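Structure, as structure tokens:
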Amino acid sequence: MIVARTIDQVRDARLNLKEPVGLVPTMGALHRGHLALLKTARRSDQSVIATLFVNRSQFGNPEDFSAYPRDEEADLAAFEAAGVDLVFMPTEAELYPKGITATVHPGRIAHELEGTRRPGHFAGVATVVAKIFGLTQPHRAYFGQKDWQQTRVIAEMVANLNIPLTLTVIGTVRDSDGIALSSRNVRLTSRERGAATSLYRGLTSAREAWDAGTHAPTSLAEIVSNVISQEPLATTAYVEVRHALTLTPLSKTIPPFVIAGAIEIGGIGLIDNIVVGNGLTLAEELNG
Ligand code: AMP
């Protein structure tokens with residue numbers, strides 16, 4: 001496994017990789033969710049590039065940025081064990097030597113849901129992902145369903161800017177209590193963690209209600225919020241039912257749609273979603 005820390009090193013190493021090349025961008029603090037992306041890339045592509053960069057410009061809150069878990073040594077070992085060929089882990093000075101000047105401005109999709117809770121978040125994401133795409137020139141890039149809106153922002157950028165690659169979305173990997181794996185989960189106390197399961201419990205109840213014939217978006221959103229409101233430690237930031245691809249509001253829930261929610265617990269924001277519709281994600285079972 002080659003570890004590139006500079007732009008010159010990653011460009012040089014990329015030239016020698018067998019194609020097709022798969023890319024898995026991460027912010028490190030790796031868990032089984034990241035590993036599912038890496039495993040799928042390893043199976044589908046001749047070479048796998050992973051990137052590790054905690055991207056300040058997508059954090060609205062400086063405390064959230066400094067508290068973000070970092071464990072370079074463990075991450076490198078995990079990349080190696082996952083069969084990654086090339087890791088790109090630049091410093092901020094290497095990736096943004098002149099600060100952030102030209103940026104990607106994502107459209108409407110980026111200004112709702114997470115975009116409202118975290119203004120500027122998706123511009124930061126889209127800009128760094130565009131830079132990483134340019135530097136690594138992958139044929140395929142892998143992203144997780146847990147960040148559903150992020151996948152739609154990137155899909156729109158790829159389509160609008162004619163970036164020549166294919167996106168694959170991997171189903172959300174969860175712990176046995178249902179909670180979506182997230183690097184931020186390590187910051188939760190055990191009581192907070194118990195409360196955090198309410199988001200997925202709410203989403204599951206809404207899904208069951210939809211299966212049983214409750215199709216009004218407001219009713220489904222209310223089911224999720226009601227479950228969360230039973231946990232004094234958890235606050236609902238939003239629960240929205242939207243078209244899965246365009247993220248536009250719906251008057252009736254006809255697949256494909258997504259129920260997406262965010263909660264705040266002890267100052268930590270957590271997101272999760274359920275997508276109803278076929279073929280939009282590669283289910284985790286398929287990843288083995
Ligand atoms: P992050 O390091 O949080 O930026 O995540 C890197 C990639 O892993 C993103 O595409 C995420 O959507 C994906 N990811 C994070 N958590 C999960 C999860 N629980 N299941 C599947 N993918 C995930």
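In the structure tokens, the first chain shown is A, the next is B, and so on; residue numbers restart at 1 for each chain, and ligands run from 1 in the order shown.
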Using only C-alpha atoms, I'd like a table of the residues in segment 52-78 of chain A that come within 12 Å of segment 129-136 of chain A; for each, show the closest atom pair and its distance in Å rounded to one decimal, ordered by chain and ascending number, as JSON lines.
{"residue": "A:Leu52", "atom": "CA", "partner": "A:Ile132", "partner_atom": "CA", "distance": 10.4}
{"residue": "A:Phe53", "atom": "CA", "partner": "A:Ile132", "partner_atom": "CA", "distance": 10.0}
{"residue": "A:Val54", "atom": "CA", "partner": "A:Val129", "partner_atom": "CA", "distance": 11.9}
{"residue": "A:Asn55", "atom": "CA", "partner": "A:Val129", "partner_atom": "CA", "distance": 9.9}
{"residue": "A:Ser57", "atom": "CA", "partner": "A:Val129", "partner_atom": "CA", "distance": 11.7}
{"residue": "A:Gln58", "atom": "CA", "partner": "A:Val129", "partner_atom": "CA", "distance": 11.0}
Could you write those residues out with N, CA, C and O atoms, as a PDB file, in the first residue's frame?
ATOM      1  N   LEU A  52      -8.059  10.156   3.114  1.00  0.00           N
ATOM      2  CA  LEU A  52      -8.316  10.471   4.521  1.00  0.00           C
ATOM      3  C   LEU A  52      -8.012  11.958   4.714  1.00  0.00           C
ATOM      4  O   LEU A  52      -6.856  12.371   4.640  1.00  0.00           O
ATOM      5  N   PHE A  53      -9.079  12.722   4.891  1.00  0.00           N
ATOM      6  CA  PHE A  53      -8.895  14.164   5.080  1.00  0.00           C
ATOM      7  C   PHE A  53     -10.080  14.696   5.867  1.00  0.00           C
ATOM      8  O   PHE A  53     -11.222  14.544   5.434  1.00  0.00           O
ATOM      9  N   VAL A  54      -9.808  15.252   7.031  1.00  0.00           N
ATOM     10  CA  VAL A  54     -10.895  15.856   7.818  1.00  0.00           C
ATOM     11  C   VAL A  54     -11.028  17.293   7.309  1.00  0.00           C
ATOM     12  O   VAL A  54     -10.163  18.137   7.541  1.00  0.00           O
ATOM     13  N   ASN A  55     -12.105  17.495   6.563  1.00  0.00           N
ATOM     14  CA  ASN A  55     -12.254  18.687   5.732  1.00  0.00           C
ATOM     15  C   ASN A  55     -12.921  19.825   6.502  1.00  0.00           C
ATOM     16  O   ASN A  55     -14.148  19.882   6.615  1.00  0.00           O
ATOM     17  N   SER A  57     -13.711  22.790   5.931  1.00  0.00           N
ATOM     18  CA  SER A  57     -14.707  23.675   5.326  1.00  0.00           C
ATOM     19  C   SER A  57     -16.123  23.091   5.315  1.00  0.00           C
ATOM     20  O   SER A  57     -17.078  23.796   5.028  1.00  0.00           O
ATOM     21  N   GLN A  58     -16.267  21.808   5.652  1.00  0.00           N
ATOM     22  CA  GLN A  58     -17.625  21.268   5.707  1.00  0.00           C
ATOM     23  C   GLN A  58     -18.174  21.235   7.135  1.00  0.00           C
ATOM     24  O   GLN A  58     -19.299  20.801   7.366  1.00  0.00           O
TER      25      GLN A  58
END
Check every protein, DNA and RNA residue against ligand 1, keep those with an atom at most 8 Å away (counting only C-alpha atoms and all ligand atoms), and present them as an MDAnalysis selection string. chainID A and resid 24:34 36:37 52 54 142:148 150:151 169:174 180:183
Could you give me, as a count of residues only, the residues within 10 Å of segment 241-252 of chain A, counting only C-alpha atoms and dropping anything in the same chain fewer than 4 positions from it? 32
To test your reading of the structure, identify every residue in segment 66-149 of chain A that backbone DSSP assigns to helix (DSSP H, G or I), and report it as number ranges by chain. A: 66-67, 72-81, 92-95, 108-111, 114-117, 121-136, 145-149
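The protein and nucleic acid residues lying at most 10 Å from Gly22 of chain A are Glu19, Pro20, Val24, Leu37, Leu38, Thr40, Ala41, Arg42, Arg43, Ser44, Asp45, Gln46, Ser47, Val48, Ile49, Ala50, Val84, Thr136, Gln137, Pro138, His139, Arg140, Ala141, Tyr142, Leu165, Thr166, Leu167 and Thr168 of chain A, with only C-alpha atoms considered and sequence neighbours fewer than 2 positions away removed.
Coordinates place atom CA of Gly269 of chain A at a distance of 13.9 Å from atom CA of Pro119 of chain A.
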Expected answer as JSON, numbers by chain: strand (DSSP E) residues in segment 202-269 of chain A: {"A": [234, 235, 236, 237, 238, 239, 240, 241, 242, 243, 257, 258, 259, 260, 261, 262, 263, 264, 265, 268, 269]}
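In this model, the gap between atom CA of Arg14 of chain A and atom CA of Gly83 of chain A comes to 15.8 Å.
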Need the shell around segment 194-198 of chain A: protein/DNA/RNA residues with any atom at most 6 Å away, counting only C-alpha atoms. Skip same-chain ones fewer than 5 positions apart. Format as number ranges by chain? A: 179, 228, 231
How would the residues just chosen look if you wrote them out with N, CA, C and O atoms as an mmCIF file, in the first residue's frame?
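Writing the result to again.cif gives the following:
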data_model
loop_
_atom_site.group_PDB
_atom_site.id
_atom_site.type_symbol
_atom_site.label_atom_id
_atom_site.label_comp_id
_atom_site.auth_asym_id
_atom_site.auth_seq_id
_atom_site.Cartn_x
_atom_site.Cartn_y
_atom_site.Cartn_z
ATOM 1 N N ILE A 179 -28.472 1.475 15.462
ATOM 2 C CA ILE A 179 -27.877 2.800 15.253
ATOM 3 C C ILE A 179 -26.935 2.748 14.044
ATOM 4 O O ILE A 179 -26.188 1.777 13.870
ATOM 5 N N ILE A 228 -38.759 9.942 18.807
ATOM 6 C CA ILE A 228 -37.584 10.690 19.314
ATOM 7 C C ILE A 228 -37.967 11.511 20.550
ATOM 8 O O ILE A 228 -37.203 11.589 21.516
ATOM 9 N N GLU A 231 -37.487 10.446 24.161
ATOM 10 C CA GLU A 231 -36.134 10.404 24.747
ATOM 11 C C GLU A 231 -35.747 11.816 25.192
ATOM 12 O O GLU A 231 -35.451 12.663 24.358
#
